[in-house]
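Asker: So that you have it, the file is data31.csv, and it contains CSV, C-alpha atoms:
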```csv
chain,number,residue,atom,x,y,z
A,29,MET,CA,37.6,139.3,86.1
A,30,GLU,CA,36.4,138.5,89.6
A,31,ILE,CA,34.1,141.0,91.4
A,32,SER,CA,34.8,141.4,95.1
A,33,GLY,CA,32.3,139.8,97.4
A,34,SER,CA,32.6,142.5,100.1
A,35,LEU,CA,32.8,146.1,99.1
A,36,HIS,CA,32.1,147.8,102.4
A,37,ASP,CA,35.7,149.0,102.9
A,38,ILE,CA,36.6,149.9,99.4
A,39,PHE,CA,36.2,153.6,100.0
A,40,ALA,CA,38.6,153.6,103.0
A,41,GLU,CA,41.1,151.5,101.2
A,42,ARG,CA,41.1,153.7,98.1
A,43,PHE,CA,41.3,156.9,100.2
A,44,ALA,CA,44.3,155.7,102.2
A,45,ASN,CA,46.1,154.5,99.1
A,46,ALA,CA,45.5,157.7,97.2
A,47,GLU,CA,46.6,159.9,100.2
A,48,GLN,CA,49.8,158.0,100.4
A,49,ARG,CA,50.5,158.3,96.7
A,50,ILE,CA,49.6,162.0,96.7
A,51,GLU,CA,51.9,162.7,99.6
A,52,SER,CA,54.8,160.9,97.9
A,53,LEU,CA,54.2,162.8,94.7
A,54,ARG,CA,54.1,166.1,96.5
A,55,GLN,CA,57.5,165.4,98.1
A,56,ALA,CA,59.0,164.3,94.8
A,57,LEU,CA,57.7,167.4,93.0
A,58,SER,CA,58.9,169.7,95.7
A,59,THR,CA,62.4,168.1,95.5
A,60,LYS,CA,62.6,168.1,91.7
A,61,LEU,CA,61.3,171.6,91.2
A,62,SER,CA,63.4,173.1,93.9
A,63,SER,CA,66.5,171.6,92.4
A,64,LEU,CA,66.0,173.6,89.2
A,65,PRO,CA,68.4,176.6,88.8
A,66,PRO,CA,67.0,179.7,90.5
A,67,SER,CA,66.3,181.3,87.1
A,68,ASP,CA,63.9,178.5,86.3
A,69,HIS,CA,61.9,178.7,89.5
A,70,HIS,CA,58.4,180.0,89.3
A,71,PRO,CA,57.1,180.8,92.8
A,72,GLU,CA,53.6,181.5,91.5
A,73,LEU,CA,53.2,178.1,89.8
A,74,ALA,CA,50.6,175.7,91.2
A,75,ILE,CA,50.1,172.1,90.1
A,76,TYR,CA,47.0,170.2,90.9
A,77,ALA,CA,45.6,166.8,90.3
A,78,THR,CA,42.1,166.0,89.1
A,79,GLY,CA,40.4,162.6,88.3
A,80,SER,CA,40.4,159.5,90.4
A,81,LEU,CA,43.5,160.5,92.4
A,82,ALA,CA,42.0,163.8,93.5
A,83,ARG,CA,38.7,162.0,94.3
A,84,ARG,CA,40.8,159.6,96.4
A,85,GLU,CA,39.4,156.7,94.3
A,86,ALA,CA,42.6,155.8,92.4
A,87,THR,CA,44.3,152.4,92.1
A,88,GLU,CA,47.8,151.6,90.8
A,89,ASN,CA,46.2,151.3,87.3
A,90,SER,CA,44.8,154.9,87.3
A,91,ASP,CA,46.1,157.6,85.1
A,92,LEU,CA,47.4,160.9,86.6
A,93,ASP,CA,45.5,164.0,85.4
A,94,ALA,CA,47.4,167.2,86.3
A,95,PHE,CA,46.9,170.9,85.5
A,96,PHE,CA,49.4,173.7,85.8
A,97,MET,CA,48.3,177.2,86.8
A,98,LEU,CA,50.2,180.5,87.0
A,99,SER,CA,49.3,184.0,88.3
A,100,HIS,CA,48.2,186.9,86.1
A,101,CYS,CA,47.7,186.8,82.4
A,102,GLU,CA,50.0,185.0,79.9
A,103,ALA,CA,50.6,188.3,78.0
A,104,ASP,CA,51.9,189.9,81.2
A,105,ARG,CA,53.8,187.0,82.6
A,106,PRO,CA,54.9,184.6,79.8
A,107,ILE,CA,56.8,181.6,81.2
A,108,GLY,CA,59.1,181.0,78.3
A,109,ARG,CA,59.4,177.8,76.3
A,110,ILE,CA,62.7,176.6,77.8
A,111,ARG,CA,61.6,177.2,81.3
A,112,ASP,CA,58.3,175.5,80.4
A,113,VAL,CA,60.2,172.4,79.2
A,114,LYS,CA,62.4,172.2,82.3
A,115,ILE,CA,59.5,172.3,84.6
A,116,LEU,CA,57.5,169.7,82.7
A,117,ASN,CA,60.6,167.4,82.6
A,118,ALA,CA,60.9,167.7,86.4
A,119,VAL,CA,57.3,166.8,86.7
A,120,LEU,CA,57.6,163.8,84.4
A,121,GLU,CA,60.6,162.5,86.3
A,122,ALA,CA,58.7,162.8,89.6
A,123,THR,CA,55.6,161.0,88.3
A,124,ASP,CA,57.7,158.2,86.7
A,125,GLU,CA,59.7,157.6,89.9
A,126,ASN,CA,56.4,157.3,91.8
A,127,GLY,CA,55.0,154.6,89.5
A,128,PHE,CA,52.3,156.6,87.8
A,129,PRO,CA,51.4,155.6,84.2
A,130,ASP,CA,52.0,158.1,81.4
A,131,PHE,CA,49.8,161.1,81.5
A,132,SER,CA,46.3,160.4,80.0
A,133,ASN,CA,45.6,161.5,76.4
A,134,ASP,CA,49.3,161.6,75.7
A,135,GLY,CA,49.7,164.7,77.9
A,136,VAL,CA,47.4,166.9,75.9
A,137,TYR,CA,46.6,168.9,79.1
A,138,LEU,CA,50.2,169.5,80.1
A,139,LYS,CA,50.0,173.2,79.4
A,140,PHE,CA,50.4,176.3,81.6
A,141,LEU,CA,47.2,178.2,82.2
A,142,HIS,CA,47.1,181.7,83.7
A,143,VAL,CA,44.5,182.4,86.3
A,144,GLU,CA,43.5,185.8,85.0
A,145,ASP,CA,43.1,184.4,81.5
A,146,VAL,CA,40.8,181.6,82.9
A,147,ILE,CA,38.7,184.3,84.8
A,148,LYS,CA,38.6,186.5,81.7
A,149,HIS,CA,37.1,183.8,79.5
A,150,ILE,CA,34.3,182.8,81.9
A,151,GLY,CA,31.1,182.6,79.8
A,152,GLY,CA,33.0,183.8,76.6
A,153,ARG,CA,33.4,182.1,73.3
A,154,GLU,CA,37.0,181.1,74.1
A,155,ASP,CA,36.1,179.5,77.4
A,156,ASP,CA,36.1,176.0,75.9
A,157,TYR,CA,38.7,176.6,73.2
A,158,VAL,CA,41.6,177.5,75.5
A,159,ASN,CA,40.7,174.8,78.0
A,160,ALA,CA,39.8,177.4,80.7
A,161,PHE,CA,36.4,175.9,81.3
A,162,THR,CA,37.6,172.4,82.0
A,163,SER,CA,40.5,173.5,84.2
A,164,ARG,CA,38.3,175.9,86.2
A,165,MET,CA,35.5,173.3,86.7
A,166,LEU,CA,37.8,170.5,87.6
A,167,MET,CA,39.7,172.7,90.1
A,168,MET,CA,36.4,173.4,91.9
A,169,LEU,CA,34.7,170.0,91.5
A,170,GLU,CA,37.5,167.5,92.0
A,171,SER,CA,41.0,168.6,92.7
A,172,CYS,CA,43.9,168.5,95.1
A,173,TRP,CA,47.1,170.4,95.2
A,174,LEU,CA,50.4,168.6,94.2
A,175,TYR,CA,52.8,171.6,94.3
A,176,ASN,CA,52.5,175.0,96.0
A,177,GLU,CA,49.5,174.6,98.2
A,178,ASP,CA,49.3,178.4,99.0
A,179,GLN,CA,49.1,179.3,95.3
A,180,TYR,CA,46.6,176.5,94.6
A,181,THR,CA,44.4,177.8,97.4
A,182,LEU,CA,44.7,181.4,96.2
A,183,PHE,CA,43.8,180.4,92.6
A,184,ARG,CA,40.8,178.4,93.6
A,185,ARG,CA,39.6,181.3,95.8
A,186,LYS,CA,40.0,183.8,92.9
A,187,LEU,CA,38.0,181.5,90.6
A,188,ILE,CA,35.2,181.0,93.1
A,189,ASP,CA,35.1,184.8,94.0
A,190,VAL,CA,34.1,185.6,90.4
A,191,TYR,CA,30.8,183.8,90.9
A,192,PHE,CA,30.1,185.9,94.0
A,193,ASP,CA,30.7,189.4,92.5
A,194,ASP,CA,27.2,190.5,93.3
A,195,PHE,CA,27.2,189.0,96.8
A,196,HIS,CA,27.5,192.3,98.7
A,197,ASP,CA,24.3,193.7,97.0
A,198,HIS,CA,22.4,190.6,98.1
A,199,SER,CA,24.2,189.3,101.1
A,200,LYS,CA,21.1,188.2,103.0
A,201,ASP,CA,19.6,186.1,100.2
A,202,PHE,CA,22.4,185.4,97.7
A,203,LYS,CA,22.0,182.3,95.7
A,204,PRO,CA,25.0,181.4,93.5
A,205,ILE,CA,23.0,180.8,90.3
A,206,PHE,CA,25.9,181.7,88.1
A,207,LEU,CA,28.0,179.0,89.6
A,208,LEU,CA,25.2,176.4,89.5
A,209,ASN,CA,24.6,177.2,85.9
A,210,ASP,CA,28.3,176.8,85.0
A,211,ILE,CA,28.4,173.4,86.8
A,212,LEU,CA,25.2,172.3,84.9
A,213,ARG,CA,26.8,173.5,81.7
A,214,PHE,CA,29.9,171.4,82.5
A,215,TRP,CA,27.8,168.3,83.1
A,216,ARG,CA,25.9,168.8,79.8
A,217,THR,CA,29.3,169.4,78.1
A,218,LEU,CA,30.5,166.0,79.4
A,219,CYS,CA,27.4,164.4,78.1
A,220,LEU,CA,27.8,166.0,74.7
A,221,ASN,CA,31.5,165.2,74.5
A,222,TYR,CA,30.6,161.5,75.0
A,223,GLU,CA,27.9,161.6,72.3
A,224,SER,CA,30.4,163.3,69.9
A,225,SER,CA,32.7,160.3,70.1
A,226,ARG,CA,30.2,157.5,70.4
A,227,GLN,CA,32.8,154.8,70.2
A,228,TRP,CA,30.3,152.2,71.3
A,229,ARG,CA,28.8,152.4,67.7
A,230,SER,CA,32.2,151.5,66.1
A,231,ASP,CA,32.7,148.2,64.3
A,232,ASP,CA,35.9,147.7,66.2
A,233,ASP,CA,35.4,145.6,69.3
A,234,LEU,CA,38.0,147.4,71.4
A,235,LYS,CA,36.6,150.9,70.5
A,236,ARG,CA,33.1,149.7,71.3
A,237,ALA,CA,34.2,148.4,74.7
A,238,LYS,CA,36.0,151.7,75.4
A,239,GLY,CA,32.9,153.6,74.5
A,240,HIS,CA,30.8,151.5,76.9
A,241,LEU,CA,33.3,152.1,79.7
A,242,ASP,CA,33.3,155.8,79.0
A,243,ASN,CA,29.5,155.8,79.3
A,244,LEU,CA,29.7,153.9,82.6
A,245,LYS,CA,32.2,156.4,84.0
A,246,LEU,CA,30.0,159.3,82.8
A,247,LYS,CA,27.0,157.8,84.7
A,248,PHE,CA,28.9,157.3,87.9
A,249,SER,CA,32.1,159.4,88.6
A,250,ARG,CA,31.4,162.2,86.1
A,251,LEU,CA,27.8,162.6,87.4
A,252,ASN,CA,29.1,162.4,91.0
A,253,ILE,CA,31.6,165.2,90.8
A,254,CYS,CA,29.0,167.6,89.4
A,255,PHE,CA,25.9,166.7,91.4
A,256,SER,CA,27.6,166.0,94.7
A,257,TYR,CA,28.9,169.6,94.5
A,258,ILE,CA,25.4,171.0,93.5
A,259,CYS,CA,23.7,169.0,96.3
A,260,HIS,CA,26.2,170.0,99.0
A,261,LEU,CA,26.2,173.6,98.0
A,262,MET,CA,22.4,173.9,98.1
A,263,PHE,CA,22.3,171.9,101.3
A,264,GLN,CA,24.1,174.7,103.1
A,265,GLY,CA,21.1,176.9,102.7
A,266,ASN,CA,19.3,179.5,100.6
A,267,ALA,CA,21.7,182.3,101.3
A,268,LEU,CA,25.3,181.5,100.5
A,269,ASN,CA,28.7,183.2,100.2
A,270,ALA,CA,32.0,182.4,98.7
A,271,GLU,CA,33.1,180.5,101.8
A,272,SER,CA,30.2,178.1,101.2
A,273,ALA,CA,31.5,177.2,97.8
A,274,ILE,CA,35.1,177.0,99.1
A,275,SER,CA,33.9,174.5,101.8
A,276,THR,CA,32.3,172.4,99.1
A,277,SER,CA,35.3,172.5,96.8
A,278,SER,CA,37.6,171.4,99.7
A,279,MET,CA,35.7,168.1,100.0
A,280,THR,CA,35.9,165.0,97.8
A,281,PRO,CA,32.6,164.1,96.0
A,282,TRP,CA,31.9,161.4,98.5
A,283,GLN,CA,32.7,163.5,101.5
A,284,ARG,CA,30.0,165.9,100.3
A,285,LEU,CA,27.4,163.2,100.1
A,286,ASP,CA,28.5,161.6,103.4
A,287,TYR,CA,28.2,165.0,105.1
A,288,ILE,CA,24.6,165.3,103.9
A,289,ALA,CA,23.8,161.8,105.1
A,290,ASP,CA,25.3,162.5,108.5
A,291,ILE,CA,23.3,165.8,109.0
A,292,ASN,CA,20.0,164.7,107.5
A,293,PRO,CA,18.7,161.2,108.3
A,294,VAL,CA,16.0,161.7,105.6
A,295,HIS,CA,18.7,161.5,102.9
A,296,ALA,CA,20.8,158.9,104.7
A,297,LYS,CA,19.1,155.8,103.4
A,298,GLN,CA,19.1,157.0,99.8
A,299,ILE,CA,22.8,158.0,100.0
A,300,SER,CA,23.6,154.5,101.5
A,301,LEU,CA,22.1,152.9,98.5
A,302,MET,CA,24.1,155.2,96.2
A,303,ARG,CA,27.2,154.3,98.2
A,304,GLU,CA,26.6,150.6,97.7
A,305,LEU,CA,26.2,151.1,93.9
A,306,TYR,CA,29.3,153.3,93.7
A,307,SER,CA,31.3,150.8,95.6
A,308,TRP,CA,30.4,148.3,92.9
A,309,PHE,CA,31.5,150.8,90.3
A,310,LEU,CA,34.9,151.4,92.0
A,311,ASP,CA,35.5,147.6,92.1
A,312,ILE,CA,34.6,147.1,88.5
A,313,THR,CA,36.8,149.9,87.2
A,314,GLY,CA,39.7,149.2,89.6
A,315,HIS,CA,41.1,146.3,87.6
A,316,PRO,CA,43.7,146.6,84.9
A,317,LYS,CA,42.0,148.4,81.9
A,318,GLU,CA,42.3,145.4,79.6
A,319,GLU,CA,40.4,143.3,82.1
A,320,THR,CA,37.7,145.9,82.6
A,321,LEU,CA,37.3,146.4,78.8
A,322,HIS,CA,36.9,142.6,78.3
A,323,TRP,CA,34.4,142.4,81.1
A,324,ILE,CA,32.2,145.2,79.7
A,325,SER,CA,32.4,143.8,76.2
A,326,ILE,CA,30.2,140.8,77.4
A,327,GLU,CA,26.6,141.7,76.9
A,328,ASP,CA,25.2,140.2,80.1
A,329,ASN,CA,27.8,142.2,82.2
A,330,ARG,CA,27.0,145.3,80.3
A,331,ILE,CA,23.2,145.0,80.8
A,332,ASP,CA,23.8,144.6,84.6
A,333,ALA,CA,26.3,147.5,84.6
A,334,PHE,CA,23.9,149.9,83.0
A,335,SER,CA,21.0,148.8,85.1
A,336,LYS,CA,23.0,149.7,88.2
A,337,ALA,CA,24.0,153.0,86.5
A,338,ASP,CA,20.4,153.9,85.7
A,339,THR,CA,19.5,153.3,89.4
A,340,TYR,CA,22.4,155.5,90.5
A,341,ILE,CA,21.3,158.3,88.2
A,342,GLY,CA,17.7,158.0,89.4
A,343,GLU,CA,18.8,158.2,93.1
A,344,MET,CA,21.1,161.2,92.4
A,345,GLY,CA,18.2,162.9,90.6
A,346,LYS,CA,15.8,162.4,93.5
A,347,LEU,CA,18.4,163.6,96.0
A,348,THR,CA,19.2,166.7,93.9
A,349,LYS,CA,15.5,167.5,93.5
A,350,SER,CA,14.7,167.0,97.2
A,351,ILE,CA,17.6,169.2,98.4
A,352,ALA,CA,16.8,171.9,95.8
A,353,ASP,CA,13.1,171.9,96.9
A,354,GLU,CA,14.0,172.2,100.6
A,355,ASN,CA,16.3,175.2,100.0
A,356,GLY,CA,14.5,177.1,97.3
A,357,TYR,CA,16.7,176.2,94.4
A,358,LEU,CA,14.5,173.9,92.3
A,359,ARG,CA,13.2,176.5,89.8
A,360,TYR,CA,16.8,177.6,89.1
A,361,LEU,CA,17.8,174.1,88.2
A,362,ILE,CA,14.9,173.7,85.8
A,363,VAL,CA,14.6,177.1,84.1
```
Do you think you could lay out the structure here as structure tokens?

Answerer:
Amino acid sequence: MEISGSLHDIFAERFANAEQRIESLRQALSTKLSSLPPSDHHPELAIYATGSLARREATENSDLDAFFMLSHCEADRPIGRIRDVKILNAVLEATDENGFPDFSNDGVYLKFLHVEDVIKHIGGREDDYVNAFTSRMLMMLESCWLYNEDQYTLFRRKLIDVYFDDFHDHSKDFKPIFLLNDILRFWRTLCLNYESSRQWRSDDDLKRAKGHLDNLKLKFSRLNICFSYICHLMFQGNALNAESAISTSSMTPWQRLDYIADINPVHAKQISLMRELYSWFLDITGHPKEETLHWISIEDNRIDAFSKADTYIGEMGKLTKSIADENGYLRYLIV
């Protein structure tokens, strides 16, 4: 596998390619879903993408990660199994016609979630079990709408508003600690999920390579979605409102970091180094998966990869600490 000699334009290339694929998929979904019989329409359904497509980092080899959200609670507005299957079939046809690979994890997340159920489970024992936690976090941290933009925007607003319930009692000095804690919990959950699989300890060469690749993605893209959000949110000041979080959610992870670099030259040099390292990561993981797995199975390549990842983590840590200290958030991230 050859590594590109020049990586300066990889962000722009990936962004433009992802935008084109997103727009084509939006049109296909609109056509497919609107052609269903009126009785099978669901005007309150929103479909959104997460993962590399939503981050505008996808290649033609990237999986599509999609979530389906409806209004109200499932008990109040059940969608019905037949209607469910017809909608999913239309979505599968649209993605197949647009050249997307099969859904990741054999479509395990192709389920309908209801926004009020997701809100109800925040912080509760069932938050993880019913997949509410993951769908909520990814909608805020790295998502873009694929079908029904108005509903998607409304649902995201409802989820963010929950974290600002106490805003009106502290409007002059409100810090969204509840939201920051949930994002930190999500990051630690991602780390724990990786440790629970630990495929890199397997005797099987392919499983070991997949484990190393998962670890590399954890240290770059997974880290980026969580801490770019935290940094951008804190960067907006020490008294925030729901609009602040909506602004952060409306950006891709790298738009958040670039915004910080553009506004504050003190952080610009550091973010430039991070951008260079992330460009390398995008290039390495942009090849067909078999090539990437073979590359990372070679020890010298792996040593170099994780050396770069450690540098990236260190720079993100310093950036987070600096912004938190500047805006009065540091103690909330530690304690």

Asker: Considering all atoms listed in the file, can you say which of A:Thr280, A:Ser67, A:Ser99, A:Ser256 comes closest to A:Ser171?

Answerer: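 Once distances to A:Ser171 are computed over all atoms listed in the file, the minimum belongs to A:Thr280.
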
Asker: My list of candidates is A:Thr276, A:Glu177, A:Ile205, A:Leu261. Which is closest to A:Thr348 when distances are computed with all atoms listed in the file?

Answerer: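 Checking each candidate against A:Thr348, we get A:Leu261 as the closest.
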
Asker: Rank A:Val363, A:Cys172, A:Leu234, A:Met97 by their smallest atom-to-atom distance to A:Arg83, using all atoms listed in the file, and report the top residue only.

Answerer: A:Cys172

Asker: Closest to A:Met344 among A:Phe248, A:Met165, A:Glu41, A:Ile110, using all atoms listed in the file?

Answerer: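 Once distances to A:Met344 are computed over all atoms listed in the file, the minimum belongs to A:Phe248.
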
Asker: Can you work out which one of A:Gly152, A:Gly314, A:Gly265, A:Gly79 has the shortest atom-to-atom distance to A:Ile351, counting all atoms listed in the file?

Answerer: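 Closest residue, counting all atoms listed in the file: A:Gly265.
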
Asker: Select from stretch 171-287 of chain A every residue with an atom at most 9 Å from any atom of stretch 305-312 of chain A, then for each give the shortest pair of atoms and their distance in Å to one decimal, using all atoms listed in the file, rows by chain and rising number, as a Markdown table.

Answerer:
```
| residue | atom | partner | partner_atom | distance |
| --- | --- | --- | --- | --- |
| A:Leu244 | CA | A:Phe309 | CA | 8.5 |
| A:Lys245 | CA | A:Phe309 | CA | 8.5 |
| A:Phe248 | CA | A:Tyr306 | CA | 7.1 |
| A:Ser249 | CA | A:Tyr306 | CA | 8.4 |
```

Asker: Between A:Thr181, A:Ala94, A:Phe131, A:Phe39, which one has atoms that come closest to A:Arg303, using all atoms listed in the file?

Answerer: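 Closest to A:Arg303, using all atoms listed in the file: A:Phe39.
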
Asker: Kindly provide, as a PyMOL selection string, the polymer residues lying within 12 Å of (53.9, 179.6, 86.9), counting only C-alpha atoms and using the coordinates exactly as they appear in the file.

Answerer: chain A and resi 61+68-75+95-102+104-108+111-112+115-116+139-143+175-176+179-180+183

Asker: Residues within 12 Å of (54.0, 166.4, 93.6), file coordinates, counting only C-alpha atoms: what are they? Give the list as a short mmCIF file (atom, residue, chain, number, x, y, z; two decimals) with C-alpha atoms, keeping the file's coordinate frame.

Answerer:
```cif
data_model
loop_
_atom_site.label_atom_id
_atom_site.label_comp_id
_atom_site.auth_asym_id
_atom_site.auth_seq_id
_atom_site.Cartn_x
_atom_site.Cartn_y
_atom_site.Cartn_z
CA GLU A 47 46.60 159.90 100.20
CA GLN A 48 49.80 158.00 100.40
CA ARG A 49 50.50 158.30 96.70
CA ILE A 50 49.60 162.00 96.70
CA GLU A 51 51.90 162.70 99.60
CA SER A 52 54.80 160.90 97.90
CA LEU A 53 54.20 162.80 94.70
CA ARG A 54 54.10 166.10 96.50
CA GLN A 55 57.50 165.40 98.10
CA ALA A 56 59.00 164.30 94.80
CA LEU A 57 57.70 167.40 93.00
CA SER A 58 58.90 169.70 95.70
CA THR A 59 62.40 168.10 95.50
CA LYS A 60 62.60 168.10 91.70
CA LEU A 61 61.30 171.60 91.20
CA SER A 62 63.40 173.10 93.90
CA ALA A 74 50.60 175.70 91.20
CA ILE A 75 50.10 172.10 90.10
CA TYR A 76 47.00 170.20 90.90
CA ALA A 77 45.60 166.80 90.30
CA LEU A 92 47.40 160.90 86.60
CA ALA A 94 47.40 167.20 86.30
CA PHE A 95 46.90 170.90 85.50
CA PHE A 96 49.40 173.70 85.80
CA LEU A 116 57.50 169.70 82.70
CA ALA A 118 60.90 167.70 86.40
CA VAL A 119 57.30 166.80 86.70
CA LEU A 120 57.60 163.80 84.40
CA GLU A 121 60.60 162.50 86.30
CA ALA A 122 58.70 162.80 89.60
CA THR A 123 55.60 161.00 88.30
CA ASP A 124 57.70 158.20 86.70
CA GLU A 125 59.70 157.60 89.90
CA ASN A 126 56.40 157.30 91.80
CA PHE A 128 52.30 156.60 87.80
CA CYS A 172 43.90 168.50 95.10
CA TRP A 173 47.10 170.40 95.20
CA LEU A 174 50.40 168.60 94.20
CA TYR A 175 52.80 171.60 94.30
CA ASN A 176 52.50 175.00 96.00
CA GLU A 177 49.50 174.60 98.20
#
```

Asker: Please report the interatomic distance between atom CA of A:Asp286 and atom CA of A:Ile258 in Å with one decimal.

Answerer: 14.0 Å

Asker: Tell me, in Å to one decimal, how far atom CA of A:Glu170 is from atom CA of A:Lys114.

Answerer: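 We find that atom CA of A:Glu170 and atom CA of A:Lys114 lie 27.1 Å from each other.
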
Asker: Mind giving me the straight-line distance from atom CA of A:Met279 to atom CA of A:Leu220 in Å, one decimal?

Answerer: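 Distance reported for this atom pair: 26.6 Å.
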